[in-house]
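To keep things clear, I will list the structure first and then write my remarks on it.
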Amino acid sequence: MRPRSDIEEQRRLTRQAFELGFDTVYTPDWRGPDALGLCGERWKASCEITAGGMQVGTLVSPIPKYPRPAQLAERALILSQATGGRFILGVGAGDLYRPAVREQLGWTQGSLISLVRDYLKELIRDLDAGLAPGMQRPRIILGALGPQMLRIAGELTDGAVISFSTEDQANWARTKLFEGAERSGRDPSQLTLMQSVPVSVSADPALARRRLALAVLPYLQGPDLPQKGATRVGYRAQVERLGFGALLDEIDDHTRNSAKTETLLDLIPDALLDQLGYAGEPEGAPQAISTLCKGMDEAVVRVTAAEERFQSASQVLESLRPGPRWDSVFSFQGSGPPSSVRSDLAQTPSTH
C-alpha cells in the first residue's frame with residue numbers, strides 16, 4: 001500500500017480476496033498514506049461483488065500519526081457508518097516508545113503504557129459520543145506484544161493482534177489479555193486474539209525466503225540503533241523472547257559498521273524465518289499458517305510480494321483460500337473464522 005501502488009490494483013486484489021472466501025481486508029497505516037481512505041476504496045470494490053461489502057480495517061493506525069484521538073474517532077465513525085458497521089479500527093503505539101517522538105508531541109509526562117491507556121480511553125469516549133442512532137462503536141484491536149500492552153487490550157479494547165509468536169507465546173498472550181479483561185470486569189470470551197504472519201510464495205523457494213528476510217529485517221533492526229546492553233522493546237523484544245538476542249546484537253554491530261543490506265540479510269537464519277512467517281512454494285502455505293497461528297482466533301496474512309507485485313500477491317491469496325483444504329489443516333481455539341487477509345504489498349513496512 002505504498003503511495004505508488006495503483007488503486008485499481010488494490011481494488012482487483014480486494015475483489016479476488018472476497019471471491020476466494022476471505023472475509024476481511026486489513027490495511028497497514030503508515031505515516032503519509034491515507035489508510036482509512038484505502039479501506040473505503042477496498043470496501044467499495046467488494047460491494048461490486050456482494051451487497052453490503054466485506055469487512056475492512058486498519059492494522060494498525062499508530063498513535064503518533066493521530067495524536068488527537070478525536071481526529072481518529074471522527075474518521076473511524078465516518079467509515080464505519082459508510083460501510084454499515086463493517087470497519088475495524090486497529091490501533092498501536094507505533095514509535096511512541098521513542099523519547100524523541102513523545103517530546104515532539106509534547107507528551108513528556110507519564111510512561112508509554114499510561115500514555116497508550118489514556119489515549120484509548122479518550123478515543124473510546126470520542127467514538128461513543130459521535131455514534132449516530134442505531135450505530136455501534138467500531139471494534140478496536142490493539143497491536144500488542146508485551147504483557148502490559150496485552151493487559152490494556154483486554155481492559156479496554158475488543159482484542160489484540162500479535163506477531164512473531166510461537167504457540168506457547170500465543171497461550172501466554174491470551175493469559176495476559178484475559179487478565180486485563182478480568183481486571184476491568186469484562187467477559188474474556190468476547191475478546192479476539194489475532195496473529196499477523198508475513199507470507200511470500202514462489203516456485204523459487206530461495207527467492208521467496210529472500211523476500212521474507214527483506215520484509216522482516218526492519219523489525220530486527222528497529223528505527224533507532226540502541227546502545228549495547230539497552231533493553232529491547234516492541235518487535236525486537238519479541239524476537240529476543242524467541243531466543244535470538246545474540247543475532248540482534250550481531251545485526252546491530254554490522255549496522256554500526258555500515259554493512260550493506262545483503263550482508264544483513266545473510267545473517268538471518270532459516271530457523272528464525274520459519275518462526276516469523278512463511279516463505280516457499282504455494283502448496284506449503286496452509287500447513288505453515290496452521291502451525292504459526294495455532295491457538296489464535298484469527299489468522300491475518302500479510303502478503304509479501306516475491307516477484308511481480310500483483311501476480312505475486314494474487315498467488316498468496318490463492319494458496320491460502322478458505323475451504324475444505326484449509327479447514328483440514330487449521331484448528332482454531334476461538335470461534336472466529338480463519339479467513340482474513342492483510343493486503344500489504346510492501347516488503348519493508350516501517351510501523352504497524
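Scheme for the C-alpha cells: letters A, B, ... for chains in order shown; per-chain residue numbers from 1; ligand numbers from 1 in order shown.
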
Let's see if you can do this: from backbone DSSP, list all strand (DSSP E or B) residues in segment 48-293 of chain A, as number ranges by chain.
A: 55-62, 87-92, 139-143, 159-163, 192-201, 278-280

Quick one: residues within 10 Å of segment 238-253 of chain A, only C-alpha atoms, excluding same-chain residues fewer than 4 positions away - as an mmCIF file with N, CA and C atoms, in the first residue's frame?
data_model
loop_
_atom_site.group_PDB
_atom_site.id
_atom_site.type_symbol
_atom_site.label_atom_id
_atom_site.label_comp_id
_atom_site.auth_asym_id
_atom_site.auth_seq_id
_atom_site.Cartn_x
_atom_site.Cartn_y
_atom_site.Cartn_z
ATOM 1 N N LEU A 145 2.388 -6.677 22.046
ATOM 2 C CA LEU A 145 3.354 -7.763 22.151
ATOM 3 C C LEU A 145 3.725 -8.051 23.599
ATOM 4 N N GLY A 146 4.002 -7.007 24.368
ATOM 5 C CA GLY A 146 4.400 -7.175 25.751
ATOM 6 C C GLY A 146 3.224 -7.375 26.680
ATOM 7 N N ILE A 162 -1.047 -9.797 17.497
ATOM 8 C CA ILE A 162 0.341 -10.021 17.838
ATOM 9 C C ILE A 162 1.083 -10.504 16.599
ATOM 10 N N SER A 163 2.403 -10.557 16.680
ATOM 11 C CA SER A 163 3.242 -11.019 15.577
ATOM 12 C C SER A 163 4.413 -11.808 16.138
ATOM 13 N N PHE A 164 4.975 -12.670 15.306
ATOM 14 C CA PHE A 164 6.201 -13.379 15.639
ATOM 15 C C PHE A 164 6.062 -14.181 16.929
ATOM 16 N N SER A 165 5.010 -14.961 17.044
ATOM 17 C CA SER A 165 4.757 -15.692 18.285
ATOM 18 C C SER A 165 4.676 -17.191 18.035
ATOM 19 N N THR A 166 5.226 -17.958 18.965
ATOM 20 C CA THR A 166 5.071 -19.403 18.955
ATOM 21 C C THR A 166 3.750 -19.760 19.641
ATOM 22 N N GLN A 169 3.882 -18.799 23.251
ATOM 23 C CA GLN A 169 3.734 -17.357 23.436
ATOM 24 C C GLN A 169 2.306 -16.909 23.184
ATOM 25 N N LEU A 217 13.469 -7.707 8.105
ATOM 26 C CA LEU A 217 14.696 -7.038 8.533
ATOM 27 C C LEU A 217 14.435 -5.737 9.304
ATOM 28 N N TYR A 219 12.154 -5.003 11.334
ATOM 29 C CA TYR A 219 11.736 -5.319 12.692
ATOM 30 C C TYR A 219 12.909 -5.802 13.533
ATOM 31 N N LEU A 220 13.915 -6.384 12.885
ATOM 32 C CA LEU A 220 15.098 -6.845 13.601
ATOM 33 C C LEU A 220 16.048 -5.686 13.898
ATOM 34 N N GLN A 221 16.031 -4.672 13.043
ATOM 35 C CA GLN A 221 16.907 -3.519 13.238
ATOM 36 C C GLN A 221 16.269 -2.462 14.144
ATOM 37 N N GLY A 222 14.990 -2.179 13.918
ATOM 38 C CA GLY A 222 14.353 -1.097 14.652
ATOM 39 C C GLY A 222 14.697 0.244 14.029
ATOM 40 N N LEU A 225 19.248 2.791 16.361
ATOM 41 C CA LEU A 225 20.278 1.844 16.751
ATOM 42 C C LEU A 225 20.539 2.007 18.247
ATOM 43 N N PRO A 226 20.146 1.023 19.044
ATOM 44 C CA PRO A 226 20.273 1.178 20.503
ATOM 45 C C PRO A 226 21.716 1.037 20.962
ATOM 46 N N GLN A 227 21.976 1.550 22.148
ATOM 47 C CA GLN A 227 23.273 1.319 22.749
ATOM 48 C C GLN A 227 23.380 -0.142 23.175
ATOM 49 N N LYS A 228 24.603 -0.637 23.190
ATOM 50 C CA LYS A 228 24.796 -2.023 23.588
ATOM 51 C C LYS A 228 24.293 -2.235 25.012
ATOM 52 N N GLY A 229 23.560 -3.319 25.197
ATOM 53 C CA GLY A 229 23.036 -3.638 26.506
ATOM 54 C C GLY A 229 21.714 -2.990 26.836
ATOM 55 N N ARG A 232 15.533 -4.147 25.055
ATOM 56 C CA ARG A 232 14.829 -4.165 23.774
ATOM 57 C C ARG A 232 13.329 -4.044 24.006
ATOM 58 N N VAL A 233 12.681 -3.370 23.072
ATOM 59 C CA VAL A 233 11.237 -3.170 23.177
ATOM 60 C C VAL A 233 10.585 -3.569 21.869
ATOM 61 N N GLY A 234 9.262 -3.706 21.893
ATOM 62 C CA GLY A 234 8.497 -3.955 20.673
ATOM 63 C C GLY A 234 8.865 -5.262 19.996
ATOM 64 N N ASN A 257 28.698 -0.691 11.521
ATOM 65 C CA ASN A 257 29.810 -0.679 10.571
ATOM 66 C C ASN A 257 29.336 -0.424 9.142
ATOM 67 N N SER A 258 28.077 0.055 9.015
ATOM 68 C CA SER A 258 27.513 0.435 7.709
ATOM 69 C C SER A 258 27.471 -0.729 6.728
ATOM 70 N N ALA A 259 27.114 -1.902 7.242
ATOM 71 C CA ALA A 259 27.022 -3.081 6.376
ATOM 72 C C ALA A 259 25.911 -2.905 5.347
ATOM 73 N N THR A 263 24.314 -8.044 3.208
ATOM 74 C CA THR A 263 25.086 -8.658 4.294
ATOM 75 C C THR A 263 24.201 -8.946 5.497
ATOM 76 N N LEU A 264 23.298 -7.999 5.809
ATOM 77 C CA LEU A 264 22.391 -8.183 6.939
ATOM 78 C C LEU A 264 21.409 -9.321 6.666
ATOM 79 N N LEU A 265 20.939 -9.420 5.427
ATOM 80 C CA LEU A 265 20.003 -10.494 5.085
ATOM 81 C C LEU A 265 20.662 -11.861 5.236
ATOM 82 N N LEU A 267 22.632 -12.753 7.411
ATOM 83 C CA LEU A 267 22.748 -13.115 8.821
ATOM 84 C C LEU A 267 21.501 -13.801 9.357
ATOM 85 N N ILE A 268 20.362 -13.599 8.700
ATOM 86 C CA ILE A 268 19.092 -14.105 9.229
ATOM 87 C C ILE A 268 18.980 -15.603 8.939
ATOM 88 N N PRO A 269 18.960 -16.440 9.954
ATOM 89 C CA PRO A 269 18.939 -17.891 9.732
ATOM 90 C C PRO A 269 17.540 -18.396 9.387
ATOM 91 N N ALA A 271 16.096 -20.798 10.735
ATOM 92 C CA ALA A 271 15.382 -21.135 11.972
ATOM 93 C C ALA A 271 14.551 -19.958 12.461
ATOM 94 N N LEU A 272 15.031 -18.724 12.267
ATOM 95 C CA LEU A 272 14.256 -17.554 12.663
ATOM 96 C C LEU A 272 13.165 -17.255 11.647
ATOM 97 N N GLN A 275 10.011 -19.063 12.115
ATOM 98 C CA GLN A 275 9.187 -18.653 13.249
ATOM 99 C C GLN A 275 8.495 -17.319 13.021
ATOM 100 N N LEU A 276 8.988 -16.551 12.064
ATOM 101 C CA LEU A 276 8.421 -15.225 11.816
ATOM 102 C C LEU A 276 7.363 -15.226 10.730
#

When distances are computed from only C-alpha atoms, which of A:Ala213, A:Leu156, A:Met149, A:Val60 shows the smallest separation from Ser184 of chain A?
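The answer is A:Leu156, which sits nearest to Ser184 of chain A.
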
Going by DSSP on the backbone, which bits of segment 56-116 of chain A are alpha helix (DSSP H)? Write them as a PyMOL selection string, please.
chain A and resi 69-82+99-105+112-116

Based on the selection just made, write N, CA and C atoms of those residues as a PDB file, in the first residue's frame.
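So the final result, stored in out.pdb, reads:
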ATOM      1  N   PRO A  69      -7.042  12.000  19.601  1.00  0.00           N
ATOM      2  CA  PRO A  69      -7.988  10.878  19.478  1.00  0.00           C
ATOM      3  C   PRO A  69      -9.265  11.266  18.742  1.00  0.00           C
ATOM      4  N   ALA A  70      -9.717  12.513  18.931  1.00  0.00           N
ATOM      5  CA  ALA A  70     -10.951  12.946  18.267  1.00  0.00           C
ATOM      6  C   ALA A  70     -10.820  12.883  16.755  1.00  0.00           C
ATOM      7  N   GLN A  71      -9.598  13.140  16.244  1.00  0.00           N
ATOM      8  CA  GLN A  71      -9.364  13.089  14.805  1.00  0.00           C
ATOM      9  C   GLN A  71      -9.558  11.674  14.270  1.00  0.00           C
ATOM     10  N   LEU A  72      -8.957  10.692  14.944  1.00  0.00           N
ATOM     11  CA  LEU A  72      -9.085   9.302  14.515  1.00  0.00           C
ATOM     12  C   LEU A  72     -10.512   8.809  14.711  1.00  0.00           C
ATOM     13  N   ALA A  73     -11.134   9.201  15.818  1.00  0.00           N
ATOM     14  CA  ALA A  73     -12.508   8.780  16.087  1.00  0.00           C
ATOM     15  C   ALA A  73     -13.458   9.282  15.007  1.00  0.00           C
ATOM     16  N   GLU A  74     -13.295  10.526  14.605  1.00  0.00           N
ATOM     17  CA  GLU A  74     -14.180  11.086  13.587  1.00  0.00           C
ATOM     18  C   GLU A  74     -14.073  10.328  12.279  1.00  0.00           C
ATOM     19  N   ARG A  75     -12.845  10.062  11.852  1.00  0.00           N
ATOM     20  CA  ARG A  75     -12.649   9.341  10.588  1.00  0.00           C
ATOM     21  C   ARG A  75     -13.157   7.905  10.680  1.00  0.00           C
ATOM     22  N   ALA A  76     -12.925   7.267  11.823  1.00  0.00           N
ATOM     23  CA  ALA A  76     -13.383   5.889  12.006  1.00  0.00           C
ATOM     24  C   ALA A  76     -14.903   5.813  11.984  1.00  0.00           C
ATOM     25  N   LEU A  77     -15.570   6.782  12.603  1.00  0.00           N
ATOM     26  CA  LEU A  77     -17.034   6.783  12.621  1.00  0.00           C
ATOM     27  C   LEU A  77     -17.603   7.007  11.228  1.00  0.00           C
ATOM     28  N   ILE A  78     -17.000   7.897  10.469  1.00  0.00           N
ATOM     29  CA  ILE A  78     -17.470   8.146   9.100  1.00  0.00           C
ATOM     30  C   ILE A  78     -17.366   6.874   8.271  1.00  0.00           C
ATOM     31  N   LEU A  79     -16.227   6.192   8.391  1.00  0.00           N
ATOM     32  CA  LEU A  79     -16.017   4.969   7.611  1.00  0.00           C
ATOM     33  C   LEU A  79     -16.922   3.847   8.101  1.00  0.00           C
ATOM     34  N   SER A  80     -17.102   3.749   9.405  1.00  0.00           N
ATOM     35  CA  SER A  80     -17.972   2.713   9.946  1.00  0.00           C
ATOM     36  C   SER A  80     -19.406   2.909   9.470  1.00  0.00           C
ATOM     37  N   GLN A  81     -19.858   4.156   9.468  1.00  0.00           N
ATOM     38  CA  GLN A  81     -21.227   4.430   9.013  1.00  0.00           C
ATOM     39  C   GLN A  81     -21.368   4.153   7.520  1.00  0.00           C
ATOM     40  N   ALA A  82     -20.341   4.535   6.739  1.00  0.00           N
ATOM     41  CA  ALA A  82     -20.403   4.330   5.288  1.00  0.00           C
ATOM     42  C   ALA A  82     -20.435   2.853   4.925  1.00  0.00           C
ATOM     43  N   PRO A  99      11.672   8.359  23.011  1.00  0.00           N
ATOM     44  CA  PRO A  99      11.565   9.633  23.739  1.00  0.00           C
ATOM     45  C   PRO A  99      11.460  10.842  22.819  1.00  0.00           C
ATOM     46  N   ALA A 100      12.173  10.812  21.689  1.00  0.00           N
ATOM     47  CA  ALA A 100      12.143  11.952  20.773  1.00  0.00           C
ATOM     48  C   ALA A 100      10.755  12.161  20.197  1.00  0.00           C
ATOM     49  N   VAL A 101      10.042  11.067  19.950  1.00  0.00           N
ATOM     50  CA  VAL A 101       8.686  11.171  19.404  1.00  0.00           C
ATOM     51  C   VAL A 101       7.750  11.742  20.456  1.00  0.00           C
ATOM     52  N   ARG A 102       7.848  11.255  21.690  1.00  0.00           N
ATOM     53  CA  ARG A 102       6.991  11.773  22.760  1.00  0.00           C
ATOM     54  C   ARG A 102       7.270  13.256  23.015  1.00  0.00           C
ATOM     55  N   GLU A 103       8.547  13.624  22.927  1.00  0.00           N
ATOM     56  CA  GLU A 103       8.897  15.032  23.135  1.00  0.00           C
ATOM     57  C   GLU A 103       8.327  15.904  22.025  1.00  0.00           C
ATOM     58  N   GLN A 104       8.385  15.398  20.790  1.00  0.00           N
ATOM     59  CA  GLN A 104       7.832  16.140  19.668  1.00  0.00           C
ATOM     60  C   GLN A 104       6.332  16.366  19.826  1.00  0.00           C
ATOM     61  N   LEU A 105       5.645  15.389  20.411  1.00  0.00           N
ATOM     62  CA  LEU A 105       4.207  15.503  20.626  1.00  0.00           C
ATOM     63  C   LEU A 105       3.873  16.291  21.888  1.00  0.00           C
ATOM     64  N   LEU A 112       5.030   5.062  28.769  1.00  0.00           N
ATOM     65  CA  LEU A 112       4.431   4.670  27.495  1.00  0.00           C
ATOM     66  C   LEU A 112       3.080   4.003  27.736  1.00  0.00           C
ATOM     67  N   ILE A 113       3.016   3.110  28.722  1.00  0.00           N
ATOM     68  CA  ILE A 113       1.789   2.373  28.990  1.00  0.00           C
ATOM     69  C   ILE A 113       0.666   3.316  29.409  1.00  0.00           C
ATOM     70  N   SER A 114       0.980   4.267  30.278  1.00  0.00           N
ATOM     71  CA  SER A 114      -0.056   5.204  30.722  1.00  0.00           C
ATOM     72  C   SER A 114      -0.520   6.088  29.569  1.00  0.00           C
ATOM     73  N   LEU A 115       0.381   6.460  28.677  1.00  0.00           N
ATOM     74  CA  LEU A 115       0.002   7.280  27.525  1.00  0.00           C
ATOM     75  C   LEU A 115      -0.947   6.509  26.603  1.00  0.00           C
ATOM     76  N   VAL A 116      -0.632   5.232  26.355  1.00  0.00           N
ATOM     77  CA  VAL A 116      -1.499   4.417  25.495  1.00  0.00           C
ATOM     78  C   VAL A 116      -2.856   4.220  26.154  1.00  0.00           C
TER      79      VAL A 116
END

Within 9 Å of Pro147 of chain A, counting only C-alpha atoms, which residues show up once you throw out same-chain ones fewer than 4 positions away? Write them as a list in words, please.
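What passes the distance filter is Arg151, Ile152, Trp172, Ala173, Lys176 and Leu177 of chain A.
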
Selected residues written out with C-alpha atoms, as a CSV table (one decimal), in the first residue's frame:
chain,number,residue,atom,x,y,z
A,151,ARG,CA,-3.5,-6.3,29.5
A,152,ILE,CA,-4.5,-2.9,28.2
A,172,TRP,CA,0.9,-16.6,27.3
A,173,ALA,CA,-0.5,-13.6,25.3
A,176,LYS,CA,-2.3,-11.6,29.7
A,177,LEU,CA,-5.3,-10.4,27.5

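With only C-alpha atoms as the atoms that count, the residue of A:Pro64, A:Ala160, A:Ser200, A:Phe18 with the shortest distance to Ala299 of chain A is A:Ala160.
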
Nearby residues (only C-alpha atoms) at most 9 Å from Ala170 of chain A, same-chain spacing under 4 positions excluded, as a count of residues only:
11

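Note that atom CA of Asp126 of chain A and atom CA of Asp29 of chain A are 20.3 Å apart.
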
In Å, how far is it from atom CA of Arg117 of chain A to atom CA of Ser61 of chain A?
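Answer for the atom CA of Arg117 of chain A to atom CA of Ser61 of chain A separation: 15.2 Å.
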
Length of the atom CA of Ile7 of chain A to atom CA of Met135 of chain A vector [Å]
29.3 Å

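Those residues that approach Pro62 of chain A to within 8 Å, counting only C-alpha atoms, are A:Asp29, A:Trp30, A:Val60, A:Pro64, A:Lys65, A:Tyr66, A:Val91, A:Gly92, A:Ala93, A:Gly94, A:Asp95, A:Thr351, A:His352; same-chain residues fewer than 2 positions away are not listed.
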
Extract, using only C-alpha atoms, all DNA, RNA and protein residues at most 10 Å from segment 36-44 of chain A, discarding same-chain residues fewer than 2 positions from it, and format them as a VMD selection string.
chain A and resid 1 7 to 8 10 to 15 24 to 29 33 to 34 46 to 50 52 to 58 61 72 75 to 76 78 to 80 82 to 83 86 to 89 343

Residues as selected, N, CA and C atoms, written as a short mmCIF file (atom, residue, chain, number, x, y, z; two decimals), in the first residue's frame, can you do that?
data_model
loop_
_atom_site.label_atom_id
_atom_site.label_comp_id
_atom_site.auth_asym_id
_atom_site.auth_seq_id
_atom_site.Cartn_x
_atom_site.Cartn_y
_atom_site.Cartn_z
N MET A 1 0.83 -1.20 0.00
CA MET A 1 0.00 0.00 0.00
C MET A 1 0.86 1.24 0.00
N ILE A 7 -4.36 2.19 -7.49
CA ILE A 7 -5.59 1.95 -6.73
C ILE A 7 -6.42 0.84 -7.37
N GLU A 8 -6.40 0.74 -8.69
CA GLU A 8 -7.17 -0.32 -9.34
C GLU A 8 -6.58 -1.69 -9.02
N GLN A 10 -5.25 -2.43 -6.17
CA GLN A 10 -5.77 -2.72 -4.84
C GLN A 10 -7.22 -3.19 -4.89
N ARG A 11 -8.00 -2.57 -5.75
CA ARG A 11 -9.41 -2.96 -5.88
C ARG A 11 -9.53 -4.37 -6.45
N ARG A 12 -8.72 -4.69 -7.42
CA ARG A 12 -8.75 -6.03 -8.02
C ARG A 12 -8.39 -7.10 -6.99
N LEU A 13 -7.36 -6.83 -6.18
CA LEU A 13 -6.97 -7.79 -5.15
C LEU A 13 -8.07 -7.97 -4.11
N THR A 14 -8.76 -6.88 -3.79
CA THR A 14 -9.86 -6.98 -2.83
C THR A 14 -10.98 -7.84 -3.38
N ARG A 15 -11.34 -7.61 -4.63
CA ARG A 15 -12.40 -8.43 -5.24
C ARG A 15 -11.98 -9.90 -5.29
N THR A 24 -12.15 -10.47 5.49
CA THR A 24 -11.69 -9.16 5.94
C THR A 24 -10.40 -8.78 5.20
N VAL A 25 -10.29 -7.52 4.83
CA VAL A 25 -9.06 -6.99 4.26
C VAL A 25 -8.56 -5.88 5.18
N TYR A 26 -7.36 -6.07 5.71
CA TYR A 26 -6.76 -5.07 6.59
C TYR A 26 -5.72 -4.25 5.83
N THR A 27 -5.60 -3.00 6.22
CA THR A 27 -4.64 -2.09 5.60
C THR A 27 -3.67 -1.58 6.65
N PRO A 28 -2.36 -1.69 6.41
CA PRO A 28 -1.39 -1.09 7.35
C PRO A 28 -1.46 0.42 7.24
N ASP A 29 -1.22 1.09 8.33
CA ASP A 29 -1.36 2.55 8.38
C ASP A 29 -0.01 3.16 8.75
N PRO A 33 0.51 7.79 3.77
CA PRO A 33 -0.64 7.25 3.04
C PRO A 33 -1.93 7.31 3.84
N ASP A 34 -3.03 7.48 3.13
CA ASP A 34 -4.35 7.55 3.77
C ASP A 34 -4.92 6.15 3.87
N SER A 46 -15.36 -4.36 -2.95
CA SER A 46 -16.06 -5.59 -2.57
C SER A 46 -17.56 -5.47 -2.78
N CYS A 47 -18.08 -4.25 -2.71
CA CYS A 47 -19.52 -4.06 -2.94
C CYS A 47 -19.90 -4.38 -4.38
N GLU A 48 -18.93 -4.37 -5.28
CA GLU A 48 -19.18 -4.75 -6.66
C GLU A 48 -19.44 -6.25 -6.79
N ILE A 49 -19.06 -6.99 -5.75
CA ILE A 49 -19.22 -8.45 -5.76
C ILE A 49 -20.38 -8.89 -4.91
N THR A 50 -20.56 -8.22 -3.77
CA THR A 50 -21.62 -8.64 -2.84
C THR A 50 -22.28 -7.42 -2.22
N GLY A 52 -23.51 -4.96 0.36
CA GLY A 52 -23.04 -4.64 1.70
C GLY A 52 -21.54 -4.68 1.86
N GLY A 53 -20.84 -5.38 0.95
CA GLY A 53 -19.40 -5.43 1.00
C GLY A 53 -18.84 -6.30 2.11
N MET A 54 -17.51 -6.39 2.17
CA MET A 54 -16.83 -7.20 3.17
C MET A 54 -16.25 -6.31 4.26
N GLN A 55 -15.75 -6.92 5.32
CA GLN A 55 -15.14 -6.16 6.40
C GLN A 55 -13.80 -5.59 5.95
N VAL A 56 -13.50 -4.38 6.42
CA VAL A 56 -12.21 -3.76 6.17
C VAL A 56 -11.71 -3.18 7.49
N GLY A 57 -10.42 -2.98 7.58
CA GLY A 57 -9.89 -2.42 8.82
C GLY A 57 -8.45 -2.00 8.68
N THR A 58 -7.94 -1.28 9.67
CA THR A 58 -6.53 -0.92 9.72
C THR A 58 -5.82 -1.80 10.73
N SER A 61 -3.36 1.57 13.07
CA SER A 61 -3.17 3.02 12.98
C SER A 61 -2.31 3.46 14.16
N LEU A 72 -8.96 10.69 14.94
CA LEU A 72 -9.09 9.30 14.51
C LEU A 72 -10.51 8.81 14.71
N ARG A 75 -12.85 10.06 11.85
CA ARG A 75 -12.65 9.34 10.59
C ARG A 75 -13.16 7.91 10.68
N ALA A 76 -12.92 7.27 11.82
CA ALA A 76 -13.38 5.89 12.01
C ALA A 76 -14.90 5.81 11.98
N ILE A 78 -17.00 7.90 10.47
CA ILE A 78 -17.47 8.15 9.10
C ILE A 78 -17.37 6.87 8.27
N LEU A 79 -16.23 6.19 8.39
CA LEU A 79 -16.02 4.97 7.61
C LEU A 79 -16.92 3.85 8.10
N SER A 80 -17.10 3.75 9.40
CA SER A 80 -17.97 2.71 9.95
C SER A 80 -19.41 2.91 9.47
N ALA A 82 -20.34 4.53 6.74
CA ALA A 82 -20.40 4.33 5.29
C ALA A 82 -20.43 2.85 4.93
N THR A 83 -19.75 2.02 5.72
CA THR A 83 -19.66 0.59 5.42
C THR A 83 -20.73 -0.24 6.13
N ARG A 86 -18.98 -2.24 9.02
CA ARG A 86 -18.02 -3.28 8.62
C ARG A 86 -16.57 -2.81 8.74
N PHE A 87 -16.33 -1.77 9.51
CA PHE A 87 -14.97 -1.25 9.68
C PHE A 87 -14.43 -1.65 11.05
N ILE A 88 -13.18 -2.13 11.07
CA ILE A 88 -12.47 -2.50 12.30
C ILE A 88 -11.29 -1.55 12.46
N LEU A 89 -11.18 -0.93 13.62
CA LEU A 89 -10.11 0.04 13.87
C LEU A 89 -8.99 -0.60 14.66
N SER A 343 -3.91 -7.18 3.09
CA SER A 343 -3.39 -6.94 1.75
C SER A 343 -2.29 -5.88 1.82
#
